[in-house]
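Undergrad: As input, take data.txt (compact mmCIF, C-alpha atoms and all ligand atoms):
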```
# COMPACT_ATOMS: atom_id res chain seq x y z
CA MET A 273 57.50 41.45 -39.21
CA ASP A 274 60.20 43.96 -40.07
CA ALA A 275 61.94 43.12 -43.40
CA ALA A 276 65.42 43.33 -41.84
CA LEU A 277 64.41 40.83 -39.14
CA GLU A 278 62.90 38.50 -41.77
CA ASP A 279 66.19 38.60 -43.70
CA GLU A 280 68.20 37.95 -40.57
CA ILE A 281 66.03 34.93 -39.72
CA ARG A 282 66.40 33.57 -43.27
CA THR A 283 70.19 33.93 -43.02
CA GLN A 284 70.21 32.10 -39.68
CA LEU A 285 67.94 29.31 -40.94
CA ALA A 286 70.43 28.61 -43.75
CA ALA A 287 73.46 28.96 -41.48
CA ASN A 288 71.98 26.56 -38.93
CA ARG A 289 71.21 24.02 -41.65
CA ASP A 290 74.80 24.12 -42.92
CA ARG A 291 76.85 24.21 -39.73
CA THR A 292 78.71 21.12 -38.51
CA GLY A 293 79.21 22.22 -34.88
CA PRO A 294 77.66 24.69 -32.45
CA PRO A 295 77.38 28.21 -33.91
CA GLN A 296 79.99 30.79 -33.00
CA GLY A 297 79.26 32.33 -29.62
CA ALA A 298 77.20 29.37 -28.39
CA VAL A 299 77.85 28.27 -24.81
CA GLU A 300 77.01 25.20 -22.77
CA VAL A 301 73.39 25.48 -21.63
CA PRO A 302 73.33 25.22 -17.81
CA PRO A 303 71.51 22.18 -16.36
CA ILE A 304 67.82 22.15 -15.44
CA PRO A 305 67.14 20.39 -12.11
CA SER A 306 64.47 17.71 -12.50
CA GLY A 307 62.99 18.57 -9.08
CA ARG A 308 61.42 21.64 -10.66
CA TYR A 309 58.81 19.36 -12.20
CA CYS A 310 57.58 17.71 -9.02
CA ASP A 311 58.55 19.73 -5.92
CA GLN A 312 55.44 20.85 -4.00
CA GLU A 313 57.04 23.98 -2.56
CA PHE A 314 58.14 25.00 -6.04
CA ALA A 315 54.59 24.45 -7.34
CA ALA A 316 53.14 26.60 -4.53
CA LEU A 317 55.54 29.42 -5.44
CA GLU A 318 54.45 29.12 -9.08
CA ARG A 319 50.81 29.44 -8.05
CA ASP A 320 51.44 32.62 -6.06
CA ARG A 321 54.03 34.33 -8.20
CA VAL A 322 53.64 33.08 -11.76
CA TRP A 323 49.93 32.42 -12.21
CA ARG A 324 48.62 35.20 -9.99
CA ARG A 325 51.02 37.82 -11.31
CA SER A 326 51.36 37.18 -15.07
CA TRP A 327 49.26 38.35 -17.99
CA LEU A 328 47.31 35.22 -18.88
CA TYR A 329 45.49 34.63 -22.13
CA ALA A 330 41.74 34.53 -21.42
CA GLY A 331 40.00 34.66 -24.80
CA HIS A 332 39.45 36.66 -27.97
CA LEU A 333 37.11 39.51 -28.82
CA SER A 334 35.37 37.27 -31.39
CA GLN A 335 34.16 35.21 -28.42
CA LEU A 336 32.64 38.37 -26.91
CA PRO A 337 30.73 39.57 -29.97
CA GLU A 338 28.06 41.78 -28.34
CA GLN A 339 27.41 43.91 -25.31
CA GLY A 340 26.78 41.53 -22.42
CA SER A 341 28.82 38.67 -23.91
CA TYR A 342 30.87 37.06 -21.18
CA LEU A 343 33.28 34.20 -20.58
CA THR A 344 34.77 32.78 -17.42
CA THR A 345 38.20 31.51 -16.47
CA ASP A 346 39.77 30.24 -13.28
CA ARG A 347 43.22 29.47 -14.67
CA SER A 348 44.99 32.14 -12.60
CA GLY A 349 43.72 30.33 -9.49
CA SER A 350 40.61 32.46 -8.92
CA PRO A 351 37.22 32.42 -10.67
CA ILE A 352 37.06 35.43 -13.01
CA VAL A 353 34.37 36.69 -15.40
CA VAL A 354 35.29 38.70 -18.49
CA VAL A 355 32.43 40.74 -19.95
CA ARG A 356 31.86 43.23 -22.78
CA GLY A 357 30.13 46.32 -21.38
CA GLU A 358 27.46 48.60 -22.80
CA ASP A 359 30.33 50.86 -23.88
CA ASP A 360 32.00 47.87 -25.69
CA VAL A 361 34.89 47.94 -23.22
CA VAL A 362 35.93 44.46 -22.09
CA ARG A 363 36.38 44.23 -18.33
CA ALA A 364 37.19 41.45 -15.89
CA PHE A 365 35.91 40.91 -12.36
CA TYR A 366 36.32 38.30 -9.69
CA ASN A 367 33.31 36.03 -10.10
CA SER A 368 32.32 36.56 -6.47
CA CYS A 369 29.12 38.23 -5.33
CA ARG A 370 29.53 41.02 -2.78
CA HIS A 371 26.75 39.51 -0.66
CA ARG A 372 28.14 36.11 0.30
CA ALA A 373 30.64 35.42 -2.48
CA ALA A 374 28.66 33.06 -4.68
CA PRO A 375 29.59 33.17 -8.38
CA VAL A 376 27.58 35.78 -10.28
CA VAL A 377 28.02 33.78 -13.51
CA ARG A 378 27.92 30.00 -13.58
CA ASP A 379 28.18 29.19 -17.30
CA GLU A 380 31.47 28.98 -19.18
CA CYS A 381 30.24 31.69 -21.56
CA GLY A 382 27.04 33.39 -22.60
CA THR A 383 25.29 36.72 -22.94
CA ALA A 384 23.48 38.63 -20.20
CA ARG A 385 22.00 42.08 -19.72
CA ARG A 386 22.94 41.90 -16.07
CA LEU A 387 25.09 39.58 -14.00
CA THR A 388 22.63 38.17 -11.48
CA CYS A 389 23.78 36.00 -8.63
CA GLN A 390 21.71 32.83 -8.41
CA TYR A 391 21.93 32.61 -4.62
CA HIS A 392 19.83 35.64 -3.54
CA SER A 393 19.62 37.55 -6.83
CA TRP A 394 21.87 40.49 -6.19
CA SER A 395 22.31 41.88 -9.65
CA TYR A 396 25.21 43.76 -11.26
CA GLY A 397 25.52 45.88 -14.38
CA LEU A 398 27.98 45.01 -17.13
CA SER A 399 30.48 47.48 -15.67
CA GLY A 400 30.35 45.64 -12.34
CA GLU A 401 28.19 48.13 -10.45
CA LEU A 402 25.61 46.76 -8.03
CA ARG A 403 22.18 47.47 -9.51
CA ALA A 404 19.63 45.60 -7.41
CA VAL A 405 19.34 44.03 -3.96
CA PRO A 406 16.10 42.14 -3.26
CA ASP A 407 14.56 43.06 0.10
CA SER A 408 17.06 45.81 0.64
CA ARG A 409 14.82 46.97 3.54
CA ASN A 410 16.56 44.33 5.63
CA PHE A 411 20.02 45.88 5.26
CA VAL A 412 20.96 48.75 7.52
CA ASP A 413 23.04 51.52 5.91
CA LEU A 414 23.56 49.61 2.67
CA ASP A 415 25.78 51.67 0.37
CA GLU A 416 25.27 50.03 -3.03
CA SER A 417 27.90 52.26 -4.65
CA GLU A 418 30.54 50.52 -2.51
CA LEU A 419 29.45 47.02 -3.43
CA GLY A 420 30.38 46.58 -7.08
CA LEU A 421 32.15 43.48 -8.33
CA VAL A 422 35.86 43.53 -7.57
CA PRO A 423 37.78 44.34 -10.78
CA VAL A 424 40.68 42.31 -12.17
CA ARG A 425 43.21 43.79 -14.63
CA CYS A 426 42.05 43.08 -18.17
CA GLU A 427 43.73 44.33 -21.35
CA VAL A 428 43.40 43.51 -25.02
CA TRP A 429 46.14 43.25 -27.64
CA GLU A 430 44.96 42.90 -31.24
CA GLY A 431 41.76 41.19 -30.16
CA PHE A 432 43.47 38.80 -27.72
CA VAL A 433 42.13 39.33 -24.19
CA PHE A 434 44.41 38.87 -21.19
CA VAL A 435 43.78 39.07 -17.45
CA ASN A 436 46.19 39.60 -14.57
CA GLU A 437 45.37 39.32 -10.88
CA ASP A 438 48.28 41.59 -9.97
CA PRO A 439 47.02 45.19 -9.69
CA ALA A 440 50.64 46.40 -9.95
CA ALA A 441 51.48 44.51 -13.16
CA VAL A 442 53.04 46.47 -16.04
CA PRO A 443 50.64 47.18 -18.93
CA LEU A 444 50.06 44.23 -21.27
CA GLU A 445 51.86 45.82 -24.23
CA THR A 446 54.91 46.56 -22.07
CA TYR A 447 54.86 42.94 -20.93
CA LEU A 448 54.64 41.60 -24.49
CA GLY A 449 57.44 43.97 -25.59
CA PRO A 450 58.93 43.15 -29.04
CA LEU A 451 56.31 40.44 -29.60
CA THR A 452 53.73 43.11 -30.46
CA GLU A 453 55.75 44.25 -33.48
CA GLN A 454 56.90 40.78 -34.52
CA MET A 455 53.37 39.31 -34.44
CA ARG A 456 51.42 42.28 -35.80
CA GLU A 457 50.92 40.79 -39.26
CA VAL A 458 48.55 38.20 -37.82
CA ASP A 459 46.04 41.08 -37.74
CA GLY A 460 44.35 39.68 -34.65
CA THR A 461 41.30 41.93 -34.70
CA ARG A 462 40.24 40.27 -37.98
CA LEU A 463 40.54 36.72 -36.66
CA ARG A 464 37.68 34.50 -35.57
CA TRP A 465 37.89 31.88 -32.87
CA ILE A 466 36.75 28.64 -34.53
CA ALA A 467 37.47 25.63 -32.31
CA ARG A 468 38.91 24.29 -29.08
CA GLN A 469 40.71 20.99 -28.55
CA HIS A 470 41.31 19.82 -25.01
CA HIS A 471 43.98 17.28 -24.04
CA HIS A 472 44.72 16.04 -20.53
CA VAL A 473 48.43 15.34 -20.10
CA ALA A 474 49.84 13.28 -17.25
CA ALA A 475 52.85 15.56 -16.81
CA ASN A 476 53.88 18.75 -15.08
CA TRP A 477 52.89 21.84 -17.10
CA LYS A 478 56.55 22.74 -17.68
CA VAL A 479 57.23 19.35 -19.30
CA VAL A 480 54.58 20.35 -21.84
CA VAL A 481 55.88 23.90 -22.37
CA ASP A 482 59.39 22.47 -22.82
CA ALA A 483 58.13 20.19 -25.60
CA PHE A 484 56.73 23.11 -27.58
CA SER A 485 59.92 25.13 -27.11
CA GLU A 486 62.05 22.92 -29.36
CA VAL A 487 61.81 20.88 -32.57
CA TYR A 488 64.62 18.46 -31.67
CA HIS A 489 61.96 15.79 -31.02
CA ILE A 490 60.05 15.99 -34.28
CA ARG A 491 62.04 13.32 -36.16
CA THR A 492 61.41 10.80 -33.38
CA VAL A 493 57.93 11.77 -32.15
CA HIS A 494 56.40 13.12 -35.40
CA PRO A 495 58.20 11.14 -38.13
CA ASP A 496 55.12 10.90 -40.34
CA ASN A 497 53.95 14.53 -40.29
CA ALA A 498 55.95 17.47 -38.85
CA ALA A 499 59.32 15.87 -39.66
CA LEU A 500 58.30 15.39 -43.30
CA LEU A 501 57.30 19.04 -43.63
CA TYR A 502 60.00 20.84 -41.62
CA ASP A 503 63.80 20.66 -41.66
CA ASP A 504 64.60 20.77 -37.93
CA SER A 505 68.30 21.40 -38.61
CA THR A 506 67.37 24.98 -39.57
CA VAL A 507 65.81 25.84 -36.22
CA THR A 508 66.40 29.50 -35.36
CA VAL A 509 65.26 30.96 -32.06
CA ALA A 510 65.20 34.23 -30.15
CA MET A 511 65.10 34.65 -26.40
CA LEU A 512 62.87 37.71 -25.89
CA PRO A 513 62.37 39.80 -22.72
CA ASN A 514 60.02 38.62 -19.93
CA GLY A 515 60.45 34.95 -20.86
CA HIS A 516 58.83 35.31 -24.29
CA SER A 517 60.38 33.67 -27.33
CA ARG A 518 60.30 33.12 -31.08
CA LEU A 519 61.09 29.88 -32.94
CA SER A 520 61.31 29.42 -36.72
CA VAL A 521 61.96 26.22 -38.65
CA ALA A 522 62.05 26.05 -42.45
CA VAL A 523 59.59 24.14 -44.58
CA ARG A 524 61.52 21.61 -46.68
CA PRO A 525 62.08 23.29 -50.07
CA GLU A 526 60.39 20.50 -52.01
CA LEU A 527 57.23 20.96 -49.92
CA LEU A 528 57.00 24.77 -50.03
CA GLY A 529 53.41 25.76 -50.69
CA VAL A 530 51.74 22.41 -49.96
CA MET A 531 50.16 23.70 -46.75
CA ASP A 532 49.12 27.04 -48.25
CA PRO A 533 45.42 27.77 -47.85
CA SER A 534 43.21 28.70 -50.79
CA PRO A 535 42.68 32.44 -51.34
CA ALA A 536 39.31 32.25 -49.54
CA ALA A 537 40.98 30.87 -46.41
CA ASP A 538 44.19 32.88 -46.54
CA ASN A 539 45.21 35.73 -44.23
CA PRO A 540 46.44 38.38 -46.68
CA SER A 541 48.32 40.35 -44.03
CA VAL A 542 50.72 37.46 -43.35
CA GLY A 543 54.11 37.96 -45.02
CA ALA A 544 56.48 35.62 -46.81
CA LEU A 545 58.58 34.35 -43.89
CA TRP A 546 55.64 32.77 -42.05
CA ARG A 547 54.76 30.95 -45.27
CA GLU A 548 58.29 29.57 -45.75
CA THR A 549 58.61 28.45 -42.14
CA SER A 550 56.74 27.41 -39.07
CA THR A 551 57.18 30.45 -36.85
CA SER A 552 55.77 30.30 -33.34
CA PHE A 553 55.90 32.73 -30.45
CA GLY A 554 56.09 31.81 -26.78
CA TRP A 555 53.93 34.04 -24.58
CA PHE A 556 55.30 33.54 -21.08
CA PRO A 557 54.24 31.69 -19.07
CA ASN A 558 52.10 29.21 -20.96
CA VAL A 559 51.06 29.95 -24.54
CA VAL A 560 52.79 28.84 -27.72
CA ALA A 561 51.21 30.87 -30.51
CA SER A 562 51.77 28.86 -33.65
CA LEU A 563 50.85 31.79 -35.88
CA ASP A 564 50.27 31.09 -39.55
CA THR A 565 48.21 32.13 -42.50
CA GLY A 566 44.96 30.16 -42.69
CA ALA A 567 43.83 28.46 -39.47
CA PHE A 568 46.28 28.18 -36.56
CA PRO A 569 46.19 27.30 -32.86
CA LEU A 570 47.27 28.96 -29.66
CA LEU A 571 48.60 26.10 -27.54
CA CYS A 572 47.67 26.98 -23.96
CA ILE A 573 49.23 24.89 -21.21
CA TRP A 574 47.61 25.04 -17.78
CA PRO A 575 48.74 23.27 -14.61
CA VAL A 576 46.25 20.97 -12.91
CA ASP A 577 48.56 19.63 -10.19
CA THR A 578 52.29 18.95 -10.12
CA GLY A 579 51.90 15.81 -12.25
CA HIS A 580 49.09 16.86 -14.62
CA ALA A 581 48.36 19.62 -17.09
CA ASP A 582 45.66 20.65 -19.52
CA LEU A 583 46.74 21.37 -23.06
CA VAL A 584 44.04 23.50 -24.65
CA LEU A 585 44.30 24.46 -28.31
CA GLU A 586 42.38 27.61 -29.20
CA TRP A 587 41.99 27.72 -32.98
CA PHE A 588 41.62 30.87 -35.08
CA ALA A 589 41.01 31.62 -38.72
CA PRO A 590 40.98 34.87 -40.69
CA ASP A 591 37.50 36.38 -40.88
CA TRP A 592 35.77 34.81 -43.92
CA GLY A 593 32.86 37.26 -43.92
CA ASP A 594 29.32 35.99 -44.37
CA GLY A 595 28.49 32.38 -45.06
CA GLU A 596 29.95 29.07 -44.01
CA MET A 597 33.49 28.71 -42.70
CA PRO A 598 35.84 27.41 -45.43
CA GLU A 599 36.02 23.63 -45.04
CA GLU A 600 39.81 23.58 -45.12
CA HIS A 601 39.99 25.25 -41.72
CA ALA A 602 38.18 22.29 -40.17
CA VAL A 603 40.45 19.91 -42.08
CA ARG A 604 43.54 21.58 -40.64
CA VAL A 605 42.12 21.40 -37.10
CA THR A 606 41.50 17.67 -37.56
CA LEU A 607 44.92 16.98 -39.08
CA PHE A 608 46.59 18.58 -36.08
CA GLU A 609 44.94 16.03 -33.79
CA THR A 610 47.45 13.44 -34.97
CA VAL A 611 50.41 15.61 -34.02
CA MET A 612 48.94 16.40 -30.59
CA ALA A 613 48.14 12.73 -29.95
CA GLN A 614 51.81 11.92 -30.56
CA ASP A 615 52.94 14.69 -28.18
CA THR A 616 50.53 13.83 -25.38
CA ALA A 617 51.35 10.09 -25.57
CA ASN A 618 55.04 10.94 -25.42
CA LEU A 619 54.77 13.43 -22.55
CA GLY A 620 52.43 11.31 -20.45
CA ALA A 621 55.15 8.68 -20.17
CA ILE A 622 57.82 11.14 -19.04
CA GLN A 623 56.61 12.40 -15.67
CA ARG A 624 57.31 9.22 -13.68
CA SER A 625 60.86 9.07 -15.01
CA VAL A 626 61.36 12.75 -14.21
CA GLU A 627 60.20 12.06 -10.63
CA SER A 628 62.47 9.03 -10.28
CA PRO A 629 65.55 9.14 -7.99
CA GLY A 630 67.41 8.23 -11.18
CA ALA A 631 66.57 11.55 -12.83
CA ARG A 632 69.53 13.92 -13.05
CA PRO A 633 69.67 17.61 -14.07
CA PHE A 634 68.74 17.92 -17.75
CA ARG A 635 71.66 18.38 -20.14
CA ILE A 636 70.13 20.26 -23.04
CA GLY A 637 71.59 21.53 -26.31
CA TRP A 638 72.09 25.02 -27.63
CA HIS A 639 69.24 24.46 -30.11
CA GLU A 640 66.95 23.81 -27.12
CA ARG A 641 67.95 26.92 -25.21
CA LEU A 642 64.39 28.30 -25.21
CA VAL A 643 63.66 25.60 -22.64
CA HIS A 644 66.26 27.13 -20.34
CA HIS A 645 65.03 30.65 -21.14
CA PHE A 646 61.51 29.67 -20.09
CA HIS A 647 62.73 28.12 -16.82
CA ARG A 648 64.83 31.16 -16.03
CA ALA A 649 61.74 33.34 -16.48
CA VAL A 650 59.84 31.13 -14.04
CA ASP A 651 62.65 31.70 -11.51
CA LEU A 652 62.60 35.45 -12.14
CA ALA A 653 58.84 35.51 -11.58
CA ILE A 654 59.23 33.57 -8.32
CA GLY A 655 62.27 35.61 -7.23
CA PRO A 656 65.50 33.61 -7.66
CA GLU A 657 66.39 34.00 -3.96
CA ASP A 658 63.14 32.25 -2.99
CA VAL A 659 63.51 29.23 -5.29
CA PRO A 660 63.93 26.14 -3.07
CA ASP A 661 67.52 24.94 -2.60
CA GLY A 662 69.02 23.18 -5.56
CA LEU A 663 66.11 23.89 -7.92
CA ALA A 664 67.09 27.22 -9.51
CA VAL A 665 68.48 27.51 -13.02
CA SER A 666 71.49 29.65 -13.83
CA ASP A 667 71.46 33.30 -14.94
CA THR A 668 74.36 32.78 -17.35
CA LEU A 669 72.19 32.89 -20.50
CA ASP A 670 70.64 36.26 -19.54
CA ARG A 671 73.11 38.04 -21.83
CA PHE A 672 71.59 36.28 -24.86
CA VAL A 673 68.13 37.82 -24.29
CA ASP A 674 67.15 40.35 -26.98
CA PRO A 675 66.74 43.95 -25.83
CA ALA A 676 63.26 45.09 -24.79
S1 LIG B 701 25.63 35.42 -2.50
FE1 LIG B 701 25.03 36.55 -4.24
S2 LIG B 701 23.06 37.22 -3.75
FE2 LIG B 701 23.66 36.19 -2.00
FE FE B 702 55.76 17.73 -30.69
```
What is this file in structure tokens?
Ligand code: FES
Ligand SMILES: [Fe+2]
TA:
Amino acid sequence: MDAALEDEIRTQLAANRDRTGPPQGAVEVPPIPSGRYCDQEFAALERDRVWRRSWLYAGHLSQLPEQGSYLTTDRSGSPIVVVRGEDDVVRAFYNSCRHRAAPVVRDECGTARRLTCQYHSWSYGLSGELRAVPDSRNFVDLDESELGLVPVRCEVWEGFVFVNEDPAAVPLETYLGPLTEQMREVDGTRLRWIARQHHHVAANWKVVVDAFSEVYHIRTVHPDNAALLYDDSTVTVAMLPNGHSRLSVAVRPELLGVMDPSPAADNPSVGALWRETSTSFGWFPNVVASLDTGAFPLLCIWPVDTGHADLVLEWFAPDWGDGEMPEEHAVRVTLFETVMAQDTANLGAIQRSVESPGARPFRIGWHERLVHHFHRAVDLAIGPEDVPDGLAVSDTLDRFVDPA
């Protein structure tokens, strides 16, 4: 992160801690209609215009270590296979055979020399080209060159692999905008994926994203862990273009250094600010990247239906070279379970109240404005004019979004 930006964040952390009222320039955050969390028409628009048109995190290059390594995802709404080719380029395809649309890969991940459909054994090369058709004598005028797997946009930033079903989407780095510079010190190409934790949450996916967009709740929901470590009064946020965000909260001065990893587990490219704070980045629509030195998770929030979501934590650690993974990474992964258990128990009780006729538009504070920023980006992805009546959020905070 740029030194001037680090200094500015430090100044704001201190100013936020010391202020006794809203900061100068703050405005009332417009209300968030509760119907956004349960309306079926709204959810259908999200499926078509958010999930099928956004850059979605799909995996990391360390999960595709060799030519022929593949992984699958269907989180955009369609089954997709991501595969490393013989030229080491990572590509994505719809996981649909050109014969009669069966999946060409059925495992969650693996390694293959060819992608061979298990229905009638049509077989594809790692670049998607059709290579073999059993009994091709039965097909009249078969043009195999026209029958490759259908490609899906796939781009990689610093080892993180994203897919996008929208052929017209802007390039990934354009989409990420200032995040690429602000997160560069994580040195993503030298990370290793180490673990996944999966939580089912009985709440709309946006209830879950909202919870990871603020630290107002940590004293009440995490009194015995996060609230001991972080001073939530310092919280300093940035609304970034395309719905992305940054949130920093200072480690309590008396606890500075207690969470630092040993030199063997440390990420040397991470600067001072990330060590003095918890700094996380929101990747619209659904990832909160809780970047840190040592091991850290990407919190990925996926809708299941309007009242349920999957919270999947993808854990990374700096490459430790040969030998066993440093034990402290596993310890950190385990410790985090307690925090997530508190969040999921809390959120699972919220959905029914949100759906109640007694629910009113949410009245949120200036320190929670990333929640509004996220909802506004959902509306912009849908097209504000198409948001069902009474469910849109206001555009009045648009002027607080950082320049691209
Ligand atoms: S559907 Fe794939 S070979 Fe028939
Ligand atoms: Fe929490």
Undergrad: Please enclose the listed atoms of ligand LIG 701 (chain B) in an axis-aligned box, pad each side by 6 Å, and write out the centre and the three edge lengths in Å, rounded to one decimal, as lines of an AutoDock Vina configuration file.
TA:
```
center_x = 24.3
center_y = 36.3
center_z = -3.1
size_x = 14.6
size_y = 13.8
size_z = 14.2
```
Undergrad: Skip Thr551 (chain A) itself and residues of its chain fewer than 2 positions away, then list as a PyMOL selection string all residues within 10 Å of it, counting all atoms listed in the file.
TA: chain A and resi 455+507-509+518-522+545-549+553+561-564
Undergrad: One decimal, Å: what's the distance from CA of Asp591 (chain A) over to CA of Glu427 (chain A), could you say?
TA: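 CA of Glu427 (chain A) lies at a distance of 22.0 Å from CA of Asp591 (chain A).
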Undergrad: Rounded to one decimal, what separation in Å do you get between CA of Val605 (chain A) and CA of Pro569 (chain A)?
TA: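 Going from CA of Val605 (chain A) over to CA of Pro569 (chain A) covers 8.3 Å.
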Undergrad: Could you list, as a PyMOL selection string, all the residues within 9 Å of ligand FE 702 (chain B), counting only C-alpha atoms and all ligand atoms?
TA: chain A and resi 483-484+486-490+493-494+498+611-612+614-616+618
Undergrad: Residues near region 330-346 of chain A, anyone? I mean within 9 Å using only C-alpha atoms, not counting same-chain ones fewer than 4 positions away, as a count of residues only.
TA: 40
Undergrad: Rank nothing, just name the residue among A:Tyr329, A:Phe556, A:Trp394, A:Trp638 nearest to ligand LIG 701 (chain B), using all atoms listed in the file.
TA: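 Once distances to ligand LIG 701 (chain B) are computed over all atoms listed in the file, the minimum belongs to A:Trp394.
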Undergrad: Counting only C-alpha atoms and all ligand atoms, name the residues that have an atom within 7 Å of an atom of ligand LIG 701 (chain B); the answer should be given as number ranges by chain.
TA: A: 369-374, 376, 389-394
Undergrad: Within 10 Å of Met531 (chain A), counting all atoms listed in the file, which residues qualify if same-chain residues fewer than 3 places away don't, as a ChimeraX atom specification?
TA: /A:501,523,527-528,534,547,565-566,604
Undergrad: Rounded to one decimal, what separation in Å do you get between CA of Thr668 (chain A) and CA of Arg635 (chain A)?
TA: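 Value for the CA of Thr668 (chain A)-CA of Arg635 (chain A) distance: 14.9 Å.
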Undergrad: Nearest residue to Pro557 (chain A) out of A:Glu318, A:Glu280, A:Asp538, A:Glu401, using only C-alpha atoms?
TA: A:Glu318
Undergrad: Have a look at A:Ala631, A:Trp587, A:Gln454, A:Thr578 and name the one nearest to His516 (chain A); count all atoms listed in the file.
TA: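 Among the listed residues, A:Gln454 lies closest to His516 (chain A).
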Undergrad: Of the candidates A:Pro423, A:Pro295, A:Pro590, A:Gly637, which shows the shortest atom-to-atom distance to Gly400 (chain A), using only C-alpha atoms?
TA: A:Pro423
Undergrad: Could you add the missing atoms to region 290-308 of chain A, up to N, CA and C atoms, and return them as a short mmCIF file (atom, residue, chain, number, x, y, z; two decimals), keeping the file's coordinate frame?
TA:
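Writing the result to selection12.cif gives the following:
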```cif
data_model
loop_
_atom_site.label_atom_id
_atom_site.label_comp_id
_atom_site.auth_asym_id
_atom_site.auth_seq_id
_atom_site.Cartn_x
_atom_site.Cartn_y
_atom_site.Cartn_z
N ASP A 290 73.51 24.49 -42.34
CA ASP A 290 74.80 24.12 -42.92
C ASP A 290 75.91 23.87 -41.89
N ARG A 291 75.73 24.32 -40.67
CA ARG A 291 76.85 24.21 -39.73
C ARG A 291 77.09 22.76 -39.31
N THR A 292 78.36 22.48 -38.92
CA THR A 292 78.71 21.12 -38.51
C THR A 292 79.02 21.03 -37.01
N GLY A 293 79.02 22.18 -36.33
CA GLY A 293 79.21 22.22 -34.88
C GLY A 293 78.34 23.31 -34.32
N PRO A 294 78.45 23.58 -33.02
CA PRO A 294 77.66 24.69 -32.45
C PRO A 294 78.01 26.00 -33.15
N PRO A 295 77.07 26.93 -33.27
CA PRO A 295 77.38 28.21 -33.91
C PRO A 295 78.35 29.03 -33.06
N GLN A 296 79.04 29.95 -33.72
CA GLN A 296 79.99 30.79 -33.00
C GLN A 296 79.26 31.56 -31.89
N GLY A 297 79.87 31.61 -30.73
CA GLY A 297 79.26 32.33 -29.62
C GLY A 297 78.39 31.46 -28.74
N ALA A 298 78.04 30.25 -29.21
CA ALA A 298 77.20 29.37 -28.39
C ALA A 298 77.97 28.95 -27.14
N VAL A 299 77.23 28.73 -26.05
CA VAL A 299 77.85 28.27 -24.81
C VAL A 299 77.10 27.03 -24.33
N GLU A 300 77.71 26.34 -23.38
CA GLU A 300 77.01 25.20 -22.77
C GLU A 300 75.75 25.72 -22.06
N VAL A 301 74.62 25.07 -22.31
CA VAL A 301 73.39 25.48 -21.63
C VAL A 301 73.42 24.89 -20.22
N PRO A 302 73.26 25.73 -19.19
CA PRO A 302 73.33 25.22 -17.81
C PRO A 302 72.22 24.17 -17.55
N PRO A 303 72.47 23.27 -16.61
CA PRO A 303 71.51 22.18 -16.36
C PRO A 303 70.18 22.67 -15.79
N ILE A 304 69.15 21.86 -15.99
CA ILE A 304 67.82 22.15 -15.44
C ILE A 304 67.48 21.06 -14.43
N PRO A 305 67.40 21.42 -13.13
CA PRO A 305 67.14 20.39 -12.11
C PRO A 305 65.77 19.73 -12.31
N SER A 306 65.73 18.41 -12.23
CA SER A 306 64.47 17.71 -12.50
C SER A 306 63.45 17.92 -11.38
N GLY A 307 63.91 18.31 -10.19
CA GLY A 307 62.99 18.57 -9.08
C GLY A 307 62.01 19.70 -9.36
N ARG A 308 62.33 20.54 -10.31
CA ARG A 308 61.42 21.64 -10.66
C ARG A 308 60.07 21.15 -11.15
#
```
